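Q: What follows is model.pdb; its format and atoms are PDB, C-alpha atoms.
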```pdb
ATOM      1  CA  MET A   1     111.653 116.414  74.789
ATOM      2  CA  ASN A   2     110.927 113.305  72.797
ATOM      3  CA  ALA A   3     107.989 111.530  74.447
ATOM      4  CA  ASP A   4     109.787 108.170  74.128
ATOM      5  CA  ALA A   5     113.028 109.347  75.718
ATOM      6  CA  ALA A   6     113.894 108.160  79.217
ATOM      7  CA  PRO A   7     115.084 110.503  81.972
ATOM      8  CA  ARG A   8     118.858 109.994  81.780
ATOM      9  CA  SER A   9     120.495 113.099  83.138
ATOM     10  CA  ASP A  10     122.387 112.825  86.415
ATOM     11  CA  ALA A  11     122.474 116.630  86.471
ATOM     12  CA  VAL A  12     121.465 118.373  89.640
ATOM     13  CA  THR A  13     118.171 120.252  89.644
ATOM     14  CA  ARG A  14     118.164 123.087  92.189
ATOM     15  CA  ARG A  15     116.107 125.583  94.135
ATOM     16  CA  PRO A  16     117.703 127.662  96.883
ATOM     17  CA  SER A  17     119.065 125.204  99.497
ATOM     18  CA  VAL A  18     117.066 122.228  98.125
ATOM     19  CA  SER A  19     118.037 120.032  95.201
ATOM     20  CA  LEU A  20     117.272 116.646  93.702
ATOM     21  CA  ARG A  21     119.807 114.297  92.189
ATOM     22  CA  VAL A  22     119.760 110.755  90.891
ATOM     23  CA  ILE A  23     120.373 108.235  93.661
ATOM     24  CA  SER A  24     123.677 106.353  93.703
ATOM     25  CA  GLU A  25     125.127 103.474  95.705
ATOM     26  CA  ALA A  26     127.233 106.056  97.553
ATOM     27  CA  ASP A  27     123.960 107.196  99.184
ATOM     28  CA  ALA A  28     123.426 103.815 100.879
ATOM     29  CA  PRO A  29     125.076 104.658 104.240
ATOM     30  CA  VAL A  30     123.189 107.930 104.756
ATOM     31  CA  LEU A  31     119.887 106.429 103.578
ATOM     32  CA  SER A  32     120.393 103.502 105.950
ATOM     33  CA  ARG A  33     120.892 105.935 108.839
ATOM     34  CA  LEU A  34     117.887 108.052 107.819
ATOM     35  CA  GLU A  35     115.555 105.077 107.325
ATOM     36  CA  THR A  36     116.582 103.603 110.686
ATOM     37  CA  ALA A  37     116.323 106.883 112.615
ATOM     38  CA  ASN A  38     112.957 107.703 111.001
ATOM     39  CA  ARG A  39     111.391 104.245 111.119
ATOM     40  CA  GLU A  40     108.299 105.337 113.089
ATOM     41  CA  HIS A  41     108.006 108.696 111.320
ATOM     42  CA  LEU A  42     107.865 107.021 107.894
ATOM     43  CA  LEU A  43     105.106 104.547 108.779
ATOM     44  CA  ILE A  44     102.401 107.128 107.951
ATOM     45  CA  GLY A  45     103.080 106.694 104.249
ATOM     46  CA  ALA A  46     105.513 103.844 103.658
ATOM     47  CA  PRO A  47     105.453 100.123 104.361
ATOM     48  CA  GLU A  48     107.252  98.816 107.417
ATOM     49  CA  ARG A  49     110.771  97.831 106.389
ATOM     50  CA  SER A  50     112.923  95.009 107.738
ATOM     51  CA  ASP A  51     116.206  95.622 109.530
ATOM     52  CA  GLU A  52     117.912  93.896 106.601
ATOM     53  CA  TRP A  53     116.326  96.307 104.105
ATOM     54  CA  MET A  54     117.406  99.286 106.235
ATOM     55  CA  SER A  55     121.017  98.073 106.464
ATOM     56  CA  VAL A  56     123.687  99.629 104.258
ATOM     57  CA  GLU A  57     123.809  96.456 102.155
ATOM     58  CA  GLY A  58     120.017  96.387 101.944
ATOM     59  CA  GLN A  59     120.022  99.986 100.751
ATOM     60  CA  ARG A  60     122.722  99.213  98.170
ATOM     61  CA  ALA A  61     120.598  96.371  96.805
ATOM     62  CA  ALA A  62     117.509  98.609  96.698
ATOM     63  CA  ILE A  63     119.497 101.334  94.938
ATOM     64  CA  ARG A  64     120.806  98.872  92.337
ATOM     65  CA  ALA A  65     117.212  97.766  91.688
ATOM     66  CA  VAL A  66     115.878 101.303  91.187
ATOM     67  CA  ARG A  67     118.894 102.246  89.057
ATOM     68  CA  ALA A  68     117.993  99.315  86.778
ATOM     69  CA  GLU A  69     114.462 100.760  86.546
ATOM     70  CA  LEU A  70     116.016 104.146  85.706
ATOM     71  CA  ASP A  71     118.099 102.546  82.966
ATOM     72  CA  ALA A  72     114.908 100.994  81.558
ATOM     73  CA  GLY A  73     113.159 104.389  81.611
ATOM     74  CA  ARG A  74     110.493 103.273  84.094
ATOM     75  CA  CYS A  75     111.579 105.247  87.152
ATOM     76  CA  ALA A  76     113.455 108.390  88.195
ATOM     77  CA  PRO A  77     114.889 107.581  91.659
ATOM     78  CA  LEU A  78     116.204 110.702  93.373
ATOM     79  CA  VAL A  79     117.529 111.877  96.714
ATOM     80  CA  ILE A  80     116.421 115.130  98.310
ATOM     81  CA  VAL A  81     119.354 117.294  99.379
ATOM     82  CA  ALA A  82     118.865 120.264 101.717
ATOM     83  CA  ASP A  83     121.736 122.516 102.697
ATOM     84  CA  GLY A  84     124.179 119.947 101.309
ATOM     85  CA  ALA A  85     122.828 116.919 103.209
ATOM     86  CA  VAL A  86     120.596 114.082 102.004
ATOM     87  CA  VAL A  87     117.303 114.382 103.921
ATOM     88  CA  GLY A  88     114.979 112.085 101.970
ATOM     89  CA  ARG A  89     113.972 110.433  98.727
ATOM     90  CA  LEU A  90     111.675 111.253  95.847
ATOM     91  CA  SER A  91     110.804 109.050  92.904
ATOM     92  CA  LEU A  92     108.822 109.229  89.729
ATOM     93  CA  ASN A  93     107.623 105.623  89.567
ATOM     94  CA  GLY A  94     105.845 103.641  86.908
ATOM     95  CA  ILE A  95     106.754 106.026  84.106
ATOM     96  CA  VAL A  96     104.499 105.239  81.165
ATOM     97  CA  ARG A  97     105.185 106.571  77.678
ATOM     98  CA  GLY A  98     102.994 106.495  74.601
ATOM     99  CA  PRO A  99      99.619 108.205  74.841
ATOM    100  CA  LEU A 100      99.565 108.249  78.674
ATOM    101  CA  LEU A 101     102.850 110.070  79.512
ATOM    102  CA  SER A 102     102.305 109.614  83.230
ATOM    103  CA  ALA A 103     104.101 108.664  86.445
ATOM    104  CA  SER A 104     103.379 108.222  90.117
ATOM    105  CA  LEU A 105     105.156 110.571  92.518
ATOM    106  CA  GLY A 106     106.370 109.299  95.874
ATOM    107  CA  TYR A 107     108.556 111.027  98.435
ATOM    108  CA  TRP A 108     109.598 111.184 102.062
ATOM    109  CA  VAL A 109     111.706 113.512 104.178
ATOM    110  CA  SER A 110     113.251 112.819 107.558
ATOM    111  CA  ALA A 111     111.469 114.100 110.650
ATOM    112  CA  HIS A 112     114.061 116.849 111.189
ATOM    113  CA  ALA A 113     113.361 118.163 107.674
ATOM    114  CA  CYS A 114     109.592 118.443 108.182
ATOM    115  CA  GLY A 115     107.936 121.838 108.434
ATOM    116  CA  ARG A 116     110.778 123.674 106.691
ATOM    117  CA  GLY A 117     109.410 123.739 103.141
ATOM    118  CA  ILE A 118     111.894 121.100 101.986
ATOM    119  CA  ALA A 119     109.291 118.582 100.812
ATOM    120  CA  THR A 120     107.358 121.310  98.997
ATOM    121  CA  ALA A 121     110.501 122.561  97.255
ATOM    122  CA  ALA A 122     111.495 119.010  96.303
ATOM    123  CA  VAL A 123     108.056 118.220  94.866
ATOM    124  CA  ARG A 124     108.124 121.465  92.865
ATOM    125  CA  LEU A 125     111.531 120.505  91.457
ATOM    126  CA  ALA A 126     110.169 117.088  90.513
ATOM    127  CA  ILE A 127     107.191 118.709  88.782
ATOM    128  CA  ASP A 128     109.538 120.953  86.793
ATOM    129  CA  ALA A 129     111.576 117.911  85.714
ATOM    130  CA  ALA A 130     108.533 115.736  84.984
ATOM    131  CA  PHE A 131     106.834 118.314  82.777
ATOM    132  CA  GLY A 132     110.142 119.550  81.351
ATOM    133  CA  PRO A 133     112.971 117.201  80.388
ATOM    134  CA  VAL A 134     111.173 113.956  81.319
ATOM    135  CA  GLY A 135     108.301 114.983  79.026
ATOM    136  CA  LEU A 136     105.292 113.785  81.018
ATOM    137  CA  HIS A 137     101.696 115.016  80.811
ATOM    138  CA  ARG A 138     100.399 113.798  84.197
ATOM    139  CA  LEU A 139     101.646 113.064  87.704
ATOM    140  CA  GLU A 140      99.676 111.045  90.213
ATOM    141  CA  ALA A 141     100.155 110.720  93.973
ATOM    142  CA  SER A 142      98.402 108.823  96.731
ATOM    143  CA  VAL A 143      98.320 109.892 100.375
ATOM    144  CA  GLN A 144      97.134 107.770 103.272
ATOM    145  CA  VAL A 145      93.992 109.216 104.823
ATOM    146  CA  GLY A 146      95.136 111.166 107.878
ATOM    147  CA  ASN A 147      98.520 112.218 106.483
ATOM    148  CA  GLN A 148      97.609 115.904 106.425
ATOM    149  CA  ALA A 149     101.207 117.129 106.071
ATOM    150  CA  SER A 150     101.755 115.254 102.812
ATOM    151  CA  LEU A 151      98.334 116.270 101.523
ATOM    152  CA  ARG A 152      99.192 119.942 102.192
ATOM    153  CA  VAL A 153     102.527 119.616 100.372
ATOM    154  CA  LEU A 154     100.891 118.189  97.259
ATOM    155  CA  GLU A 155      98.021 120.680  97.256
ATOM    156  CA  LYS A 156     100.470 123.606  97.651
ATOM    157  CA  CYS A 157     102.215 122.249  94.563
ATOM    158  CA  GLY A 158      98.995 122.255  92.532
ATOM    159  CA  PHE A 159      97.849 118.643  92.857
ATOM    160  CA  ALA A 160      94.071 118.194  92.933
ATOM    161  CA  GLN A 161      92.167 115.407  94.636
ATOM    162  CA  TYR A 162      90.189 113.219  92.282
ATOM    163  CA  GLY A 163      89.079 110.377  94.487
ATOM    164  CA  LEU A 164      89.447 108.056  97.419
ATOM    165  CA  ALA A 165      90.928 104.594  96.921
ATOM    166  CA  PRO A 166      89.648 102.242  99.620
ATOM    167  CA  ARG A 167      92.147  99.707 100.963
ATOM    168  CA  TYR A 168      94.748 100.955  98.477
ATOM    169  CA  LEU A 169      98.061 100.420 100.315
ATOM    170  CA  ARG A 170      99.116  97.823 102.853
ATOM    171  CA  LEU A 171     100.804  99.808 105.624
ATOM    172  CA  GLY A 172     101.390  98.839 109.234
ATOM    173  CA  GLY A 173      99.915  95.387 108.667
ATOM    174  CA  ALA A 174      96.559  96.632 107.354
ATOM    175  CA  TRP A 175      95.049  97.875 104.116
ATOM    176  CA  ARG A 176      94.754 101.672 104.190
ATOM    177  CA  ASP A 177      92.506 104.079 102.329
ATOM    178  CA  CYS A 178      94.319 106.700 100.276
ATOM    179  CA  VAL A 179      93.395 110.063  98.826
ATOM    180  CA  MET A 180      94.236 110.104  95.112
ATOM    181  CA  LEU A 181      95.638 113.280  93.558
ATOM    182  CA  GLN A 182      96.841 114.307  90.139
ATOM    183  CA  LEU A 183      98.556 117.189  88.427
ATOM    184  CA  LEU A 184      98.379 117.799  84.691
ATOM    185  CA  ASP A 185     101.060 119.723  82.831
ATOM    186  CA  PRO A 186      99.539 123.215  82.615
ATOM    187  CA  ALA A 187     101.586 123.945  79.490
ATOM    188  CA  ASP A 188     100.098 120.972  77.643
ATOM    189  CA  THR A 189      96.960 122.421  76.097
ATOM    190  CA  ALA A 190      96.707 119.958  73.200
ATOM    191  CA  GLU A 191      93.290 118.394  72.818
TER     192      GLU A 191
END
```
Any chance you could give the structure as structure tokens?
A:
Amino acid sequence: MNADAAPRSDAVTRRPSVSLRVISEADAPVLSRLETANREHLLIGAPERSDEWMSVEGQRAAIRAVRAELDAGRCAPLVIVADGAVVGRLSLNGIVRGPLLSASLGYWVSAHACGRGIATAAVRLAIDAAFGPVGLHRLEASVQVGNQASLRVLEKCGFAQYGLAPRYLRLGGAWRDCVMLQLLDPADTAE
């Protein structure tokens, strides 16, 4: 893939029973329900969201914003689908081209989807897309200290810890330390 090309395909990427697809405004009602039902569950790794943001209209506005970032080639906003139902979100954020060819990976799955391998399968699909058609060299992720489940998912997918970022994310009204991880495209052996 051309290193300057943006991820533009709305095609579905699949593994058995888990797939990723580009988010659309039609996802707003289900995402509103999931965000609301999982409000406490998501606080381990995401900022506290307002009721307005979690509303269907708030989700539509957020989706329009990330779709604009997709159109600009800076983001790949996806939904995680398991057994035909949306169960979470995954994004490649801050896509940088040129000599860096990097992005930050973020994801969440609803509480009922935890412990079933869904997050791991979704992250593996994202890795395949990032190092395949998106044409990246490096993925980065940050995990709040104490979020062992997310750390396990990323490590199972090949991410390696490279540091600790003190006071990195503001979550739950306080600055939180995060473990920093990265994954380099194993097929990219150019020096």
Q: Could you pull the residues within 7 Å of stretch 100-113 of chain A, counting all atoms listed in the file, minus those fewer than 5 positions along the same chain, as a PyMOL selection string?
A: chain A and resi 34+38+41+87-95+118-119+136-141
Q: Run the PyMOL selection byres ((chain A and resi 86) around 12) on the file and write out the hits as an mmCIF file with C-alpha atoms, keeping the file's coordinate frame.
A:
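Result went into out_8.cif, see below:
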```cif
data_model
loop_
_atom_site.group_PDB
_atom_site.id
_atom_site.type_symbol
_atom_site.label_atom_id
_atom_site.label_comp_id
_atom_site.auth_asym_id
_atom_site.auth_seq_id
_atom_site.Cartn_x
_atom_site.Cartn_y
_atom_site.Cartn_z
ATOM 1 C CA SER A 17 119.065 125.204 99.497
ATOM 2 C CA VAL A 18 117.066 122.228 98.125
ATOM 3 C CA SER A 19 118.037 120.032 95.201
ATOM 4 C CA LEU A 20 117.272 116.646 93.702
ATOM 5 C CA ARG A 21 119.807 114.297 92.189
ATOM 6 C CA VAL A 22 119.760 110.755 90.891
ATOM 7 C CA ILE A 23 120.373 108.235 93.661
ATOM 8 C CA SER A 24 123.677 106.353 93.703
ATOM 9 C CA ALA A 26 127.233 106.056 97.553
ATOM 10 C CA ASP A 27 123.960 107.196 99.184
ATOM 11 C CA ALA A 28 123.426 103.815 100.879
ATOM 12 C CA PRO A 29 125.076 104.658 104.240
ATOM 13 C CA VAL A 30 123.189 107.930 104.756
ATOM 14 C CA LEU A 31 119.887 106.429 103.578
ATOM 15 C CA SER A 32 120.393 103.502 105.950
ATOM 16 C CA ARG A 33 120.892 105.935 108.839
ATOM 17 C CA LEU A 34 117.887 108.052 107.819
ATOM 18 C CA GLU A 35 115.555 105.077 107.325
ATOM 19 C CA LEU A 78 116.204 110.702 93.373
ATOM 20 C CA VAL A 79 117.529 111.877 96.714
ATOM 21 C CA ILE A 80 116.421 115.130 98.310
ATOM 22 C CA VAL A 81 119.354 117.294 99.379
ATOM 23 C CA ALA A 82 118.865 120.264 101.717
ATOM 24 C CA ASP A 83 121.736 122.516 102.697
ATOM 25 C CA GLY A 84 124.179 119.947 101.309
ATOM 26 C CA ALA A 85 122.828 116.919 103.209
ATOM 27 C CA VAL A 87 117.303 114.382 103.921
ATOM 28 C CA GLY A 88 114.979 112.085 101.970
ATOM 29 C CA ARG A 89 113.972 110.433 98.727
ATOM 30 C CA LEU A 90 111.675 111.253 95.847
ATOM 31 C CA TRP A 108 109.598 111.184 102.062
ATOM 32 C CA VAL A 109 111.706 113.512 104.178
ATOM 33 C CA SER A 110 113.251 112.819 107.558
ATOM 34 C CA HIS A 112 114.061 116.849 111.189
ATOM 35 C CA ALA A 113 113.361 118.163 107.674
ATOM 36 C CA ILE A 118 111.894 121.100 101.986
ATOM 37 C CA ALA A 122 111.495 119.010 96.303
#
```
Q: May I ask for the distance between atom CA of A:Ser142 and atom CA of A:Cys178, given in Å to one decimal place?
A: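 Computing it gives 5.8 Å between the two atoms.
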Q: Given only C-alpha atoms as the basis, pick out the residue of A:Leu181, A:Ala187, A:Val145, A:Ala65 nearest to A:Leu169.
A: A:Val145
Q: Do you know which residues are at most 12 Å from A:Lys156 counting all atoms listed in the file, after dropping those on the same chain fewer than 6 positions away, and could you put them as a list in words?
A: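 Once the nearby chain positions are removed, what remains is Gly117, Ala119, Thr120, Ala121, Val123, Arg124, Ala149, Ser150 and Leu183 of chain A.
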Q: I'd like the interatomic distance between atom CA of A:Val179 and atom CA of A:Ile127, to a tenth of an Å.
A: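 Interatomic distance here is 19.1 Å.
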Q: For a quick check of understanding, using only C-alpha atoms, which of A:Asn147, A:Arg152, A:Ala62, A:Pro77 has the smallest distance to A:Leu42?
A: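 The shortest atom-to-atom distance to A:Leu42 comes from A:Asn147.
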Q: What gap, in Å, lies between atom CA of A:Asp128 and atom CA of A:Ala165?
A: 26.8 Å
Q: Find the residue from A:Gly158, A:Gly146, A:Gly98, A:Gly73 that sits nearest to A:Asp185; use only C-alpha atoms when measuring.
A: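 Of A:Gly158, A:Gly146, A:Gly98, A:Gly73, the one nearest A:Asp185, counting only C-alpha atoms, is A:Gly158.
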Q: Please determine, counting all atoms listed in the file, which residue among A:Thr36, A:Glu25, A:Arg49, A:Val134 has the shortest atom-to-atom distance to A:Gly172.
A: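 Distance minimum relative to A:Gly172 lands on A:Arg49.
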Q: Using the chain letters and numbers from this file, what does the PyMOL selection byres ((chain A and resi 175) around 12) select? Give the answer as a compact mmCIF listing (two decimals) with C-alpha atoms, in the frame of the given file.
A:
```txt
# COMPACT_ATOMS: atom_id res chain seq x y z
CA GLY A 45 103.08 106.69 104.25
CA PRO A 47 105.45 100.12 104.36
CA GLN A 144 97.13 107.77 103.27
CA VAL A 145 93.99 109.22 104.82
CA ALA A 165 90.93 104.59 96.92
CA PRO A 166 89.65 102.24 99.62
CA ARG A 167 92.15 99.71 100.96
CA TYR A 168 94.75 100.96 98.48
CA LEU A 169 98.06 100.42 100.32
CA ARG A 170 99.12 97.82 102.85
CA LEU A 171 100.80 99.81 105.62
CA GLY A 172 101.39 98.84 109.23
CA GLY A 173 99.92 95.39 108.67
CA ALA A 174 96.56 96.63 107.35
CA ARG A 176 94.75 101.67 104.19
CA ASP A 177 92.51 104.08 102.33
CA CYS A 178 94.32 106.70 100.28
```
Q: As a JSON list (two decimals), in the frame of the given file, could you write out stretch 83-111 of chain A once it has been completed with N, CA and C atoms?
A:
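The resulting file, result.json, is shown below:
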```
[["chain", "number", "residue", "atom", "x", "y", "z"],
["A", 83, "ASP", "N", 120.54, 121.94, 102.09],
["A", 83, "ASP", "CA", 121.74, 122.52, 102.70],
["A", 83, "ASP", "C", 122.91, 121.55, 102.66],
["A", 84, "GLY", "N", 123.05, 120.83, 101.54],
["A", 84, "GLY", "CA", 124.18, 119.95, 101.31],
["A", 84, "GLY", "C", 124.06, 118.55, 101.89],
["A", 85, "ALA", "N", 122.98, 118.24, 102.59],
["A", 85, "ALA", "CA", 122.83, 116.92, 103.21],
["A", 85, "ALA", "C", 121.60, 116.20, 102.65],
["A", 86, "VAL", "N", 121.73, 114.89, 102.43],
["A", 86, "VAL", "CA", 120.60, 114.08, 102.00],
["A", 86, "VAL", "C", 119.60, 114.01, 103.16],
["A", 87, "VAL", "N", 118.34, 114.38, 102.88],
["A", 87, "VAL", "CA", 117.30, 114.38, 103.92],
["A", 87, "VAL", "C", 116.09, 113.54, 103.54],
["A", 88, "GLY", "N", 116.12, 112.90, 102.37],
["A", 88, "GLY", "CA", 114.98, 112.08, 101.97],
["A", 88, "GLY", "C", 115.11, 111.57, 100.56],
["A", 89, "ARG", "N", 114.02, 110.99, 100.08],
["A", 89, "ARG", "CA", 113.97, 110.43, 98.73],
["A", 89, "ARG", "C", 112.72, 110.91, 98.02],
["A", 90, "LEU", "N", 112.81, 110.93, 96.70],
["A", 90, "LEU", "CA", 111.68, 111.25, 95.85],
["A", 90, "LEU", "C", 111.84, 110.42, 94.59],
["A", 91, "SER", "N", 110.75, 109.86, 94.12],
["A", 91, "SER", "CA", 110.80, 109.05, 92.90],
["A", 91, "SER", "C", 109.61, 109.34, 92.01],
["A", 92, "LEU", "N", 109.88, 109.30, 90.73],
["A", 92, "LEU", "CA", 108.82, 109.23, 89.73],
["A", 92, "LEU", "C", 108.78, 107.75, 89.35],
["A", 93, "ASN", "N", 107.73, 107.07, 89.76],
["A", 93, "ASN", "CA", 107.62, 105.62, 89.57],
["A", 93, "ASN", "C", 106.63, 105.29, 88.47],
["A", 94, "GLY", "N", 106.80, 104.12, 87.90],
["A", 94, "GLY", "CA", 105.84, 103.64, 86.91],
["A", 94, "GLY", "C", 105.70, 104.58, 85.73],
["A", 95, "ILE", "N", 106.81, 105.11, 85.25],
["A", 95, "ILE", "CA", 106.75, 106.03, 84.11],
["A", 95, "ILE", "C", 106.20, 105.27, 82.90],
["A", 96, "VAL", "N", 105.14, 105.83, 82.33],
["A", 96, "VAL", "CA", 104.50, 105.24, 81.17],
["A", 96, "VAL", "C", 104.61, 106.23, 80.02],
["A", 97, "ARG", "N", 105.06, 105.75, 78.89],
["A", 97, "ARG", "CA", 105.18, 106.57, 77.68],
["A", 97, "ARG", "C", 103.96, 106.38, 76.79],
["A", 98, "GLY", "N", 104.11, 106.65, 75.52],
["A", 98, "GLY", "CA", 102.99, 106.50, 74.60],
["A", 98, "GLY", "C", 101.94, 107.55, 74.85],
["A", 99, "PRO", "N", 100.67, 107.19, 74.71],
["A", 99, "PRO", "CA", 99.62, 108.20, 74.84],
["A", 99, "PRO", "C", 99.36, 108.64, 76.29],
["A", 100, "LEU", "N", 99.85, 107.90, 77.28],
["A", 100, "LEU", "CA", 99.56, 108.25, 78.67],
["A", 100, "LEU", "C", 100.53, 109.29, 79.23],
["A", 101, "LEU", "N", 101.82, 109.13, 79.02],
["A", 101, "LEU", "CA", 102.85, 110.07, 79.51],
["A", 101, "LEU", "C", 102.62, 110.45, 80.97],
["A", 102, "SER", "N", 102.67, 109.44, 81.83],
["A", 102, "SER", "CA", 102.30, 109.61, 83.23],
["A", 102, "SER", "C", 103.30, 108.92, 84.15],
["A", 103, "ALA", "N", 103.30, 109.32, 85.41],
["A", 103, "ALA", "CA", 104.10, 108.66, 86.44],
["A", 103, "ALA", "C", 103.45, 108.90, 87.79],
["A", 104, "SER", "N", 103.83, 108.08, 88.74],
["A", 104, "SER", "CA", 103.38, 108.22, 90.12],
["A", 104, "SER", "C", 104.51, 108.85, 90.93],
["A", 105, "LEU", "N", 104.18, 109.87, 91.69],
["A", 105, "LEU", "CA", 105.16, 110.57, 92.52],
["A", 105, "LEU", "C", 105.10, 110.03, 93.94],
["A", 106, "GLY", "N", 106.27, 109.70, 94.48],
["A", 106, "GLY", "CA", 106.37, 109.30, 95.87],
["A", 106, "GLY", "C", 107.56, 110.00, 96.50],
["A", 107, "TYR", "N", 107.44, 110.34, 97.77],
["A", 107, "TYR", "CA", 108.56, 111.03, 98.44],
["A", 107, "TYR", "C", 108.46, 110.85, 99.94],
["A", 108, "TRP", "N", 109.58, 111.06, 100.61],
["A", 108, "TRP", "CA", 109.60, 111.18, 102.06],
["A", 108, "TRP", "C", 110.77, 112.07, 102.46],
["A", 109, "VAL", "N", 110.61, 112.75, 103.58],
["A", 109, "VAL", "CA", 111.71, 113.51, 104.18],
["A", 109, "VAL", "C", 111.81, 113.09, 105.64],
["A", 110, "SER", "N", 113.02, 113.18, 106.16],
["A", 110, "SER", "CA", 113.25, 112.82, 107.56],
["A", 110, "SER", "C", 112.48, 113.76, 108.48],
["A", 111, "ALA", "N", 112.25, 113.31, 109.69],
["A", 111, "ALA", "CA", 111.47, 114.10, 110.65],
["A", 111, "ALA", "C", 112.09, 115.47, 110.88]]
```
